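K.L.:
Contents are mmCIF, C-alpha atoms; file name protein26.cif:
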data_entry
loop_
_atom_site.label_atom_id
_atom_site.label_comp_id
_atom_site.auth_asym_id
_atom_site.auth_seq_id
_atom_site.Cartn_x
_atom_site.Cartn_y
_atom_site.Cartn_z
CA VAL A 1 13.66 -34.89 13.24
CA LYS A 2 13.60 -37.56 10.48
CA ILE A 3 12.88 -35.60 7.33
CA ALA A 4 12.17 -36.98 3.84
CA ILE A 5 12.77 -34.38 1.14
CA VAL A 6 10.79 -35.45 -1.92
CA GLY A 7 12.26 -33.68 -4.93
CA THR A 8 15.84 -32.77 -5.75
CA GLY A 9 15.38 -29.43 -7.51
CA SER A 10 16.68 -26.17 -6.06
CA VAL A 11 14.13 -26.14 -3.22
CA GLY A 12 14.69 -29.77 -2.18
CA GLN A 13 18.47 -29.40 -2.40
CA THR A 14 18.52 -26.23 -0.33
CA LEU A 15 16.18 -27.49 2.39
CA GLY A 16 17.93 -30.87 2.60
CA LYS A 17 21.38 -29.32 2.96
CA ARG A 18 20.29 -26.79 5.55
CA TRP A 19 18.24 -29.11 7.77
CA SER A 20 20.96 -31.73 7.52
CA ALA A 21 23.59 -29.22 8.67
CA LEU A 22 21.28 -28.29 11.57
CA GLY A 23 21.43 -31.89 12.83
CA HIS A 24 18.27 -33.41 11.38
CA SER A 25 18.26 -36.80 9.68
CA VAL A 26 17.61 -36.09 5.99
CA CYS A 27 16.78 -38.56 3.23
CA PHE A 28 16.13 -37.35 -0.33
CA GLY A 29 13.32 -39.24 -2.02
CA THR A 30 13.67 -39.45 -5.78
CA ARG A 31 12.87 -41.73 -8.73
CA ASN A 32 16.51 -42.68 -9.32
CA PRO A 33 18.53 -42.52 -6.10
CA ALA A 34 21.51 -44.11 -7.86
CA GLU A 35 21.75 -41.28 -10.41
CA ALA A 36 25.16 -39.53 -10.34
CA ARG A 37 23.50 -36.15 -9.81
CA VAL A 38 21.69 -37.46 -6.72
CA GLN A 39 24.78 -39.16 -5.32
CA GLN A 40 26.65 -35.88 -5.69
CA LEU A 41 23.87 -34.07 -3.80
CA VAL A 42 24.10 -36.63 -0.98
CA SER A 43 27.85 -36.21 -0.83
CA GLU A 44 27.61 -32.39 -0.82
CA THR A 45 24.94 -32.53 1.88
CA GLY A 46 27.00 -34.73 4.19
CA HIS A 47 26.00 -35.02 7.87
CA GLY A 48 24.72 -38.58 7.25
CA ALA A 49 22.18 -37.60 4.59
CA SER A 50 21.05 -40.29 2.18
CA ALA A 51 18.89 -40.85 -0.90
CA ALA A 52 16.26 -43.48 -1.59
CA THR A 53 13.14 -44.07 -3.64
CA VAL A 54 10.28 -41.85 -2.58
CA ALA A 55 8.49 -44.68 -0.77
CA ASP A 56 11.68 -45.76 1.05
CA ALA A 57 12.49 -42.16 2.05
CA VAL A 58 8.97 -41.55 3.30
CA ARG A 59 8.53 -44.77 5.33
CA PRO A 60 10.68 -43.87 8.39
CA ALA A 61 10.15 -40.09 8.14
CA GLU A 62 8.24 -38.01 10.68
CA VAL A 63 8.16 -34.99 8.35
CA VAL A 64 7.85 -35.26 4.56
CA VAL A 65 8.55 -32.24 2.37
CA LEU A 66 6.84 -32.21 -1.01
CA ALA A 67 9.17 -30.22 -3.27
CA VAL A 68 8.37 -31.42 -6.78
CA PRO A 69 6.88 -29.46 -9.71
CA TYR A 70 3.12 -29.20 -9.29
CA ASP A 71 2.40 -31.37 -12.32
CA ALA A 72 4.28 -34.22 -10.61
CA VAL A 73 2.37 -33.96 -7.30
CA GLU A 74 -0.35 -36.51 -7.98
CA GLN A 75 1.94 -39.23 -9.35
CA THR A 76 4.48 -38.62 -6.59
CA LEU A 77 1.91 -38.94 -3.81
CA ARG A 78 0.39 -42.07 -5.37
CA GLY A 79 3.84 -43.69 -5.25
CA ALA A 80 4.80 -42.41 -1.80
CA GLY A 81 3.18 -45.16 0.26
CA GLU A 82 1.46 -44.60 3.59
CA LEU A 83 1.49 -40.92 4.62
CA SER A 84 -1.18 -41.19 7.29
CA GLY A 85 -0.13 -39.52 10.55
CA LYS A 86 2.98 -37.93 9.05
CA VAL A 87 3.51 -34.19 8.82
CA LEU A 88 3.44 -33.39 5.10
CA ILE A 89 4.83 -29.97 4.18
CA ASP A 90 3.44 -28.90 0.81
CA ALA A 91 6.00 -26.52 -0.67
CA THR A 92 4.51 -26.59 -4.18
CA ASN A 93 2.65 -23.96 -6.19
CA PRO A 94 0.12 -24.83 -8.91
CA VAL A 95 1.99 -22.68 -11.42
CA VAL A 96 1.32 -23.14 -15.14
CA MET A 97 4.81 -23.91 -16.36
CA GLY A 98 6.12 -22.87 -19.74
CA ALA A 99 7.66 -19.97 -21.58
CA ASP A 100 4.84 -17.60 -20.67
CA LEU A 101 5.00 -18.42 -16.96
CA LEU A 102 4.28 -14.89 -15.82
CA ARG A 103 1.28 -14.37 -18.09
CA ARG A 104 -0.45 -17.65 -17.32
CA GLY A 105 -0.37 -17.55 -13.53
CA LEU A 106 -1.85 -20.26 -11.35
CA LEU A 107 -3.52 -23.42 -12.61
CA ILE A 108 -6.11 -23.48 -9.85
CA GLY A 109 -7.12 -21.14 -7.06
CA HIS A 110 -9.88 -19.05 -5.47
CA ASP A 111 -12.22 -21.91 -4.48
CA THR A 112 -9.57 -24.58 -4.05
CA SER A 113 -5.78 -24.74 -3.83
CA GLY A 114 -2.82 -27.00 -4.34
CA GLY A 115 -2.60 -27.46 -0.57
CA GLU A 116 -6.15 -28.78 -0.41
CA GLU A 117 -5.57 -31.04 -3.43
CA VAL A 118 -2.50 -32.49 -1.69
CA ALA A 119 -4.60 -33.21 1.41
CA ARG A 120 -7.18 -34.96 -0.77
CA LEU A 121 -4.46 -37.10 -2.42
CA ALA A 122 -2.80 -38.00 0.89
CA PRO A 123 -5.65 -39.02 3.21
CA GLY A 124 -4.64 -38.97 6.87
CA ALA A 125 -1.49 -36.95 6.29
CA ARG A 126 -1.20 -33.85 8.43
CA VAL A 127 -0.65 -31.33 5.63
CA VAL A 128 0.98 -27.98 6.33
CA LYS A 129 1.34 -25.52 3.46
CA ALA A 130 4.72 -23.83 3.82
CA LEU A 131 7.87 -22.87 1.95
CA ASN A 132 5.88 -22.04 -1.20
CA THR A 133 6.03 -18.24 -0.88
CA VAL A 134 9.76 -17.70 -1.47
CA GLY A 135 12.37 -19.22 -3.73
CA ALA A 136 15.34 -21.40 -2.84
CA THR A 137 17.57 -18.30 -2.72
CA VAL A 138 15.63 -17.16 0.35
CA MET A 139 15.59 -20.62 1.96
CA ALA A 140 19.39 -20.68 1.66
CA ALA A 141 19.74 -17.52 3.77
CA PRO A 142 16.52 -16.09 5.21
CA GLN A 143 18.36 -13.80 7.64
CA ASN A 144 20.15 -10.56 6.92
CA GLY A 145 21.63 -9.11 10.10
CA SER A 146 18.75 -9.01 12.57
CA ASP A 147 16.13 -9.12 9.78
CA ARG A 148 14.35 -12.45 9.32
CA ALA A 149 12.21 -13.17 6.27
CA VAL A 150 8.58 -13.98 6.95
CA LEU A 151 7.48 -17.51 6.13
CA PHE A 152 3.72 -17.96 5.94
CA TYR A 153 2.26 -21.36 6.73
CA CYS A 154 -1.20 -22.82 7.26
CA GLY A 155 -2.79 -26.13 8.12
CA ASP A 156 -5.58 -27.79 10.02
CA ASP A 157 -3.54 -29.60 12.70
CA GLY A 158 -2.07 -27.54 15.53
CA SER A 159 0.74 -29.86 16.60
CA SER A 160 1.94 -30.32 13.00
CA LYS A 161 2.04 -26.56 12.61
CA GLN A 162 4.18 -26.34 15.76
CA THR A 163 6.64 -28.88 14.35
CA VAL A 164 6.84 -27.00 11.06
CA ALA A 165 7.19 -23.59 12.74
CA GLN A 166 10.11 -24.96 14.77
CA LEU A 167 11.82 -26.27 11.62
CA LEU A 168 11.23 -22.95 9.82
CA GLY A 169 12.60 -20.97 12.75
CA GLU A 170 15.76 -23.10 12.75
CA LEU A 171 16.33 -22.13 9.11
CA GLY A 172 16.24 -18.47 10.19
CA PHE A 173 12.70 -17.62 9.11
CA ASP A 174 10.08 -15.68 11.06
CA PRO A 175 7.19 -18.22 10.78
CA VAL A 176 3.69 -16.72 10.56
CA ASP A 177 0.64 -18.94 11.17
CA CYS A 178 -2.06 -17.96 8.66
CA GLY A 179 -4.83 -20.29 9.83
CA PRO A 180 -6.49 -23.36 8.27
CA LEU A 181 -5.22 -25.26 5.22
CA SER A 182 -7.78 -23.47 3.01
CA THR A 183 -5.63 -20.34 3.44
CA SER A 184 -3.44 -22.02 0.80
CA ARG A 185 -5.85 -20.20 -1.55
CA LEU A 186 -4.13 -17.00 -0.41
CA LEU A 187 -0.58 -18.30 0.13
CA GLU A 188 -0.30 -19.76 -3.39
CA PRO A 189 -1.01 -16.35 -4.98
CA VAL A 190 1.64 -14.93 -2.61
CA GLY A 191 4.04 -17.55 -3.98
CA MET A 192 3.09 -16.64 -7.54
CA LEU A 193 3.66 -12.94 -6.71
CA TRP A 194 7.18 -13.73 -5.46
CA ILE A 195 7.83 -15.61 -8.71
CA ALA A 196 6.38 -12.76 -10.81
CA LEU A 197 8.63 -10.22 -9.09
CA ALA A 198 11.73 -12.43 -9.13
CA PHE A 199 11.40 -13.38 -12.81
CA GLY A 200 9.93 -10.01 -13.79
CA GLY A 201 13.24 -8.18 -13.34
CA ARG A 202 13.92 -7.93 -9.61
CA GLY A 203 15.87 -11.19 -9.33
CA PRO A 204 15.53 -13.79 -6.56
CA HIS A 205 17.43 -12.13 -3.70
CA PHE A 206 14.54 -10.51 -1.86
CA ALA A 207 11.97 -11.45 0.74
CA PHE A 208 9.53 -9.71 3.06
CA LYS A 209 9.90 -9.06 6.75
CA MET A 210 7.21 -8.27 9.27
CA MET A 211 7.27 -4.74 10.69
CA SER A 212 5.16 -2.87 13.24
CA VAL A 213 3.35 0.29 12.20
CA GLY A 214 1.50 3.05 14.01
CA ALA A 215 0.96 0.93 17.11
CA VAL B 1 -2.45 16.68 -7.66
CA LYS B 2 -6.26 17.00 -7.72
CA ILE B 3 -7.47 13.86 -5.94
CA ALA B 4 -11.05 12.65 -5.56
CA ILE B 5 -11.43 10.19 -2.69
CA VAL B 6 -14.57 8.16 -3.35
CA GLY B 7 -15.68 6.64 -0.06
CA THR B 8 -15.48 8.00 3.49
CA GLY B 9 -14.71 4.85 5.47
CA SER B 10 -11.46 4.35 7.33
CA VAL B 11 -9.42 4.00 4.12
CA GLY B 12 -10.92 7.07 2.41
CA GLN B 13 -10.61 9.17 5.56
CA THR B 14 -6.99 8.22 6.14
CA LEU B 15 -5.85 8.74 2.54
CA GLY B 16 -7.75 12.03 2.24
CA LYS B 17 -6.28 13.47 5.43
CA ARG B 18 -2.74 12.42 4.61
CA TRP B 19 -2.64 13.54 0.96
CA SER B 20 -4.34 16.79 1.93
CA ALA B 21 -1.70 17.46 4.60
CA LEU B 22 0.96 16.75 1.97
CA GLY B 23 -0.37 19.63 -0.15
CA HIS B 24 -2.64 17.85 -2.63
CA SER B 25 -6.11 19.14 -3.44
CA VAL B 26 -8.53 16.58 -1.95
CA CYS B 27 -12.28 16.30 -2.50
CA PHE B 28 -14.25 13.49 -0.85
CA GLY B 29 -16.94 12.06 -3.13
CA THR B 30 -19.94 10.69 -1.25
CA ARG B 31 -23.68 10.23 -1.62
CA ASN B 32 -24.54 12.87 0.98
CA PRO B 33 -21.83 15.55 1.15
CA ALA B 34 -24.03 17.65 3.49
CA GLU B 35 -24.15 14.88 6.12
CA ALA B 36 -22.77 16.03 9.52
CA ARG B 37 -20.29 13.13 9.58
CA VAL B 38 -18.89 14.19 6.20
CA GLN B 39 -18.72 17.87 7.16
CA GLN B 40 -16.79 16.88 10.27
CA LEU B 41 -14.35 14.85 8.14
CA VAL B 42 -13.82 17.88 5.86
CA SER B 43 -13.20 20.11 8.87
CA GLU B 44 -10.78 17.60 10.45
CA THR B 45 -8.97 17.21 7.13
CA GLY B 46 -8.47 20.96 6.65
CA HIS B 47 -5.90 22.19 4.10
CA GLY B 48 -8.72 23.26 1.76
CA ALA B 49 -10.28 19.80 1.45
CA SER B 50 -13.93 19.61 0.42
CA ALA B 51 -16.77 17.14 -0.10
CA ALA B 52 -19.15 16.75 -3.04
CA THR B 53 -21.29 14.17 -4.78
CA VAL B 54 -19.21 11.44 -6.39
CA ALA B 55 -19.73 12.88 -9.90
CA ASP B 56 -18.84 16.43 -8.77
CA ALA B 57 -15.73 15.22 -6.92
CA VAL B 58 -14.59 13.14 -9.89
CA ARG B 59 -15.12 15.77 -12.65
CA PRO B 60 -12.08 18.03 -11.93
CA ALA B 61 -9.88 15.24 -10.46
CA GLU B 62 -6.72 13.92 -12.10
CA VAL B 63 -6.58 10.95 -9.72
CA VAL B 64 -9.66 9.15 -8.40
CA VAL B 65 -9.36 6.73 -5.48
CA LEU B 66 -12.04 4.06 -5.26
CA ALA B 67 -12.35 3.29 -1.54
CA VAL B 68 -15.86 1.89 -1.14
CA PRO B 69 -16.93 -1.61 -0.06
CA TYR B 70 -16.67 -3.98 -3.02
CA ASP B 71 -20.43 -4.51 -3.22
CA ALA B 72 -20.83 -0.78 -3.85
CA VAL B 73 -18.25 -0.62 -6.68
CA GLU B 74 -20.57 -1.13 -9.65
CA GLN B 75 -23.21 1.37 -8.55
CA THR B 76 -20.57 3.90 -7.54
CA LEU B 77 -18.77 3.73 -10.89
CA ARG B 78 -22.07 3.95 -12.81
CA GLY B 79 -22.82 7.21 -10.98
CA ALA B 80 -19.30 8.64 -11.18
CA GLY B 81 -19.58 10.25 -14.63
CA GLU B 82 -16.78 10.33 -17.17
CA LEU B 83 -13.63 8.58 -15.91
CA SER B 84 -11.91 8.27 -19.26
CA GLY B 85 -8.28 9.42 -19.15
CA LYS B 86 -8.22 9.74 -15.36
CA VAL B 87 -5.98 7.69 -13.12
CA LEU B 88 -8.32 5.43 -11.14
CA ILE B 89 -6.75 3.81 -8.07
CA ASP B 90 -8.73 0.70 -7.15
CA ALA B 91 -8.19 0.19 -3.41
CA THR B 92 -11.00 -2.35 -3.01
CA ASN B 93 -10.97 -6.07 -2.32
CA PRO B 94 -13.75 -8.43 -3.43
CA VAL B 95 -14.19 -9.70 0.11
CA VAL B 96 -17.36 -11.57 1.05
CA MET B 97 -18.59 -9.42 3.91
CA GLY B 98 -20.43 -10.77 6.92
CA ALA B 99 -19.88 -12.38 10.26
CA ASP B 100 -17.83 -15.22 8.82
CA LEU B 101 -15.50 -12.91 6.88
CA LEU B 102 -12.42 -15.02 7.45
CA ARG B 103 -14.00 -18.30 6.43
CA ARG B 104 -15.62 -17.07 3.24
CA GLY B 105 -12.65 -15.33 1.63
CA LEU B 106 -12.82 -13.60 -1.73
CA LEU B 107 -15.92 -13.33 -3.90
CA ILE B 108 -13.98 -13.67 -7.16
CA GLY B 109 -10.42 -14.49 -8.09
CA HIS B 110 -8.01 -16.76 -9.96
CA ASP B 111 -9.23 -16.06 -13.52
CA THR B 112 -10.44 -12.53 -12.93
CA SER B 113 -10.17 -9.90 -10.19
CA GLY B 114 -11.82 -6.85 -8.73
CA GLY B 115 -9.23 -4.68 -10.47
CA GLU B 116 -10.16 -6.09 -13.88
CA GLU B 117 -13.89 -5.73 -13.12
CA VAL B 118 -13.30 -2.07 -12.22
CA ALA B 119 -11.51 -1.54 -15.55
CA ARG B 120 -14.45 -3.13 -17.36
CA LEU B 121 -16.92 -0.85 -15.52
CA ALA B 122 -14.85 2.31 -16.15
CA PRO B 123 -13.91 2.18 -19.84
CA GLY B 124 -11.03 4.49 -20.69
CA ALA B 125 -9.99 4.99 -17.07
CA ARG B 126 -6.33 4.27 -16.39
CA VAL B 127 -6.84 1.79 -13.56
CA VAL B 128 -4.06 1.10 -11.06
CA LYS B 129 -4.65 -1.50 -8.36
CA ALA B 130 -3.09 -0.20 -5.16
CA LEU B 131 -3.71 0.36 -1.46
CA ASN B 132 -5.71 -2.88 -1.19
CA THR B 133 -3.03 -4.96 0.53
CA VAL B 134 -2.91 -3.15 3.90
CA GLY B 135 -5.48 -1.60 6.21
CA ALA B 136 -6.00 2.05 7.08
CA THR B 137 -3.79 1.65 10.16
CA VAL B 138 -0.83 1.11 7.83
CA MET B 139 -1.80 3.95 5.48
CA ALA B 140 -1.84 6.29 8.50
CA ALA B 141 1.82 5.55 9.29
CA PRO B 142 3.64 3.27 6.85
CA GLN B 143 7.07 4.16 8.23
CA ASN B 144 8.71 3.00 11.42
CA GLY B 145 12.16 4.53 11.79
CA SER B 146 13.93 3.76 8.54
CA ASP B 147 11.56 0.87 7.73
CA ARG B 148 8.99 1.55 5.03
CA ALA B 149 6.06 -0.79 4.42
CA VAL B 150 5.85 -2.31 0.95
CA LEU B 151 2.89 -1.23 -1.15
CA PHE B 152 2.24 -3.46 -4.15
CA TYR B 153 0.58 -1.94 -7.20
CA CYS B 154 -0.18 -3.03 -10.76
CA GLY B 155 -1.73 -1.60 -13.90
CA ASP B 156 -1.51 -1.51 -17.66
CA ASP B 157 -0.50 2.15 -18.13
CA GLY B 158 3.08 3.14 -17.30
CA SER B 159 2.57 6.86 -16.71
CA SER B 160 -0.41 6.25 -14.41
CA LYS B 161 1.71 3.84 -12.41
CA GLN B 162 4.41 6.51 -12.08
CA THR B 163 1.84 8.99 -10.73
CA VAL B 164 0.55 6.45 -8.23
CA ALA B 165 4.04 5.36 -7.15
CA GLN B 166 4.88 9.03 -6.47
CA LEU B 167 1.73 9.46 -4.34
CA LEU B 168 2.44 6.22 -2.45
CA GLY B 169 6.05 7.24 -1.80
CA GLU B 170 4.87 10.57 -0.36
CA LEU B 171 2.74 8.64 2.15
CA GLY B 172 5.90 6.85 3.30
CA PHE B 173 5.42 3.57 1.47
CA ASP B 174 7.99 1.60 -0.52
CA PRO B 175 5.98 1.16 -3.77
CA VAL B 176 6.57 -2.10 -5.67
CA ASP B 177 5.42 -2.41 -9.31
CA CYS B 178 3.96 -5.89 -9.81
CA GLY B 179 3.19 -5.72 -13.51
CA PRO B 180 -0.06 -5.62 -15.50
CA LEU B 181 -3.53 -5.05 -14.06
CA SER B 182 -4.23 -8.80 -14.20
CA THR B 183 -1.76 -9.15 -11.29
CA SER B 184 -4.73 -7.94 -9.21
CA ARG B 185 -5.51 -11.69 -9.18
CA LEU B 186 -2.49 -12.01 -6.89
CA LEU B 187 -2.70 -8.70 -5.01
CA GLU B 188 -6.29 -9.24 -3.89
CA PRO B 189 -5.38 -12.52 -2.14
CA VAL B 190 -2.50 -10.60 -0.52
CA GLY B 191 -5.09 -8.08 0.72
CA MET B 192 -7.26 -10.91 2.01
CA LEU B 193 -4.24 -12.42 3.78
CA TRP B 194 -3.56 -9.09 5.56
CA ILE B 195 -7.23 -9.04 6.64
CA ALA B 196 -7.10 -12.68 7.78
CA LEU B 197 -4.01 -12.01 9.91
CA ALA B 198 -5.29 -8.68 11.29
CA PHE B 199 -8.71 -10.01 12.25
CA GLY B 200 -7.39 -13.48 13.12
CA GLY B 201 -5.68 -12.26 16.29
CA ARG B 202 -2.63 -10.25 15.25
CA GLY B 203 -4.39 -6.88 15.12
CA PRO B 204 -3.94 -4.23 12.41
CA HIS B 205 -0.60 -2.69 13.36
CA PHE B 206 1.69 -4.67 11.06
CA ALA B 207 2.91 -4.55 7.50
CA PHE B 208 5.67 -6.10 5.40
CA LYS B 209 8.91 -4.55 4.32
CA MET B 210 11.21 -5.60 1.52
CA MET B 211 14.55 -7.07 2.57
CA SER B 212 17.57 -8.39 0.67
CA VAL B 213 18.70 -11.96 1.21
CA GLY B 214 21.74 -14.01 0.28
CA ALA B 215 22.77 -11.64 -2.52
#
Taking this structure as input, can you express it in the form of structure tokens?
P.N.:
Amino acid sequence: VKIAIVGTGSVGQTLGKRWSALGHSVCFGTRNPAEARVQQLVSETGHGASAATVADAVRPAEVVVLAVPYDAVEQTLRGAGELSGKVLIDATNPVVMGADLLRRGLLIGHDTSGGEEVARLAPGARVVKALNTVGATVMAAPQNGSDRAVLFYCGDDGSSKQTVAQLLGELGFDPVDCGPLSTSRLLEPVGMLWIALAFGGRGPHFAFKMMSVGA
Amino acid sequence: VKIAIVGTGSVGQTLGKRWSALGHSVCFGTRNPAEARVQQLVSETGHGASAATVADAVRPAEVVVLAVPYDAVEQTLRGAGELSGKVLIDATNPVVMGADLLRRGLLIGHDTSGGEEVARLAPGARVVKALNTVGATVMAAPQNGSDRAVLFYCGDDGSSKQTVAQLLGELGFDPVDCGPLSTSRLLEPVGMLWIALAFGGRGPHFAFKMMSVGA
């Protein structure tokens, strides 16, 4: 699959390296592809990965992963060119950044969500909310023995969700379809809860796995 | 521990039976304690359990469990008498009830929560949000072999949280402290997500367990 990873923070780096190693064609989209930091990422990623401006990375991609801070989402999408028909994985959370991260919580929620805002800003894109409920530490290694970390996703287009579920499964996740894109209103609080636990003392090396009970 | 279970639906029934069997003193608080249905619940529960009006059940209790539908919370708390100093476990979710449950989601959220509303309605009570993120099927049997289902809880009073964590552990849960009561804004969406998955086709016999990753 031709994947554009938009954003070169810990999430973008981790996903790009892993999908690249799994045989997908990865291009990092970023403001300054010539930056030394980005060139080093490309070299570490190997497997034919490349870097380009966001618009150039997005153009040939079948799947675009939005992995920028939430306050950069609007500007990034406005500069991304035509997204219509592409699968757009929204991995962001509308977290209020700053020193008091844990006290301030989510910027929006309840009757809208970041996922729905992304869909509004990228008309025609087939948006799937995914990879927002765990940190990059989990994306790097979602399996522990036979245990696979759950990865919740939601969206309004069935075939896009199948594509995304396949890509998540290849990373080692147990993908769980949570319904329409409006379920982002629930998945973003789940993401914020993971952040609150990770930064609240537990550290980032945990995830949740599905289990059967009393069946 | 002297526990008042307020509400005799599936959650109240399950928690009352299990804590009673574990040796705690359980009294179900309900509008009509003489009702045949309630008397049958008391008889099935055994172990010295009883039923009384909400105010009579609450008066001697150290721990009060609020397990009524959300639209009954305000009236129930207004009729519950003095709650000051008691541990009040809020197991409710502000779900919009009705045929289109899954589409309508939560009644409130983001900048407040059911847990915070409960604290406002029960001044002086030591409110702990807990037992709202899984259904009664999970409360009946949270363990499967060595796997224990996670139970998230939050609250502003440390000693109350210790009491609740102890009671949750006795049920077989892996209790996870999520911080202050305002984290109910995140735990109620988690509850709604469990409901959406359970009623969206998966059925109610699942939960999540904590796992370590890439440590």
K.L.:
At a cut-off of 9 Å, which residues of chain A touch chain B? Count only C-alpha atoms and give the answer as a PyMOL selection string.
P.N.:
chain A and resi 103+105-111+137-138+140-144+147-150+177-179+182-183+185-190+192-193+196-197+200+204-215
K.L.:
To one decimal in Å, tell me the separation between atom CA of Val65 of chain B and atom CA of Glu44 of chain B.
P.N.:
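Atom CA of Glu44 of chain B lies 19.3 Å from atom CA of Val65 of chain B.
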K.L.:
Could you write out as a list in words the residues that the PyMOL selection byres ((chain B and resi 48-60) around 6) matches in the shown file?
P.N.:
Ala4, Val26, Cys27, Phe28, Gly29, Thr30, Arg31, Pro33, Val42, Gly46, His47, Ala61, Ala80 and Gly81 of chain B
K.L.:
Expand the PyMOL selection byres ((chain A and resi 9-14) around 7) into the explicit residue set it covers here, and present it as a ChimeraX atom specification.
P.N.:
/A:5-8,15-18,67,136,139-140
K.L.:
Expand the PyMOL selection byres ((chain B and resi 126-130) around 7) into the individual residues it matches in the shown file, reporting them as a list in words.
P.N.:
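When the PyMOL selection byres ((chain B and resi 126-130) around 7) is applied, the selected residues are Gly85, Lys86, Val87, Leu88, Ile89, Asp90, Ala91, Gly115, Ala119, Gly124, Ala125, Leu131, Asn132, Phe152, Tyr153, Cys154, Gly155, Asp157, Ser160, Lys161, Leu181 and Ser184 of chain B.
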K.L.:
Excluding Ala72 of chain A and residues on its chain fewer than 3 positions from it, collect all residues at most 12 Å away from it, counting all atoms listed in the file, and give them as a PDB file with C-alpha atoms, keeping the file's coordinate frame.
P.N.:
ATOM      1  CA  VAL A   6      10.790 -35.450  -1.920  1.00  0.00           C
ATOM      2  CA  GLY A   7      12.260 -33.680  -4.930  1.00  0.00           C
ATOM      3  CA  THR A  30      13.670 -39.450  -5.780  1.00  0.00           C
ATOM      4  CA  ARG A  31      12.870 -41.730  -8.730  1.00  0.00           C
ATOM      5  CA  LEU A  66       6.840 -32.210  -1.010  1.00  0.00           C
ATOM      6  CA  ALA A  67       9.170 -30.220  -3.270  1.00  0.00           C
ATOM      7  CA  VAL A  68       8.370 -31.420  -6.780  1.00  0.00           C
ATOM      8  CA  PRO A  69       6.880 -29.460  -9.710  1.00  0.00           C
ATOM      9  CA  GLN A  75       1.940 -39.230  -9.350  1.00  0.00           C
ATOM     10  CA  THR A  76       4.480 -38.620  -6.590  1.00  0.00           C
ATOM     11  CA  LEU A  77       1.910 -38.940  -3.810  1.00  0.00           C
ATOM     12  CA  ARG A  78       0.390 -42.070  -5.370  1.00  0.00           C
ATOM     13  CA  GLY A  79       3.840 -43.690  -5.250  1.00  0.00           C
ATOM     14  CA  THR A  92       4.510 -26.590  -4.180  1.00  0.00           C
ATOM     15  CA  ASN A  93       2.650 -23.960  -6.190  1.00  0.00           C
ATOM     16  CA  PRO A  94       0.120 -24.830  -8.910  1.00  0.00           C
ATOM     17  CA  VAL A  95       1.990 -22.680 -11.420  1.00  0.00           C
ATOM     18  CA  MET A  97       4.810 -23.910 -16.360  1.00  0.00           C
ATOM     19  CA  GLY A 114      -2.820 -27.000  -4.340  1.00  0.00           C
ATOM     20  CA  VAL A 118      -2.500 -32.490  -1.690  1.00  0.00           C
TER      21      VAL A 118
END
K.L.:
Find the distance between atom CA of Ile3 of chain B and atom CA of Arg120 of chain B and write it in Å to one decimal.
P.N.:
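Answer for the atom CA of Ile3 of chain B to atom CA of Arg120 of chain B separation: 21.6 Å.
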K.L.:
Just to confirm, what's the straight-line distance from atom CA of Val1 of chain A to atom CA of Glu117 of chain A in Å (one decimal)?
P.N.:
25.7 Å
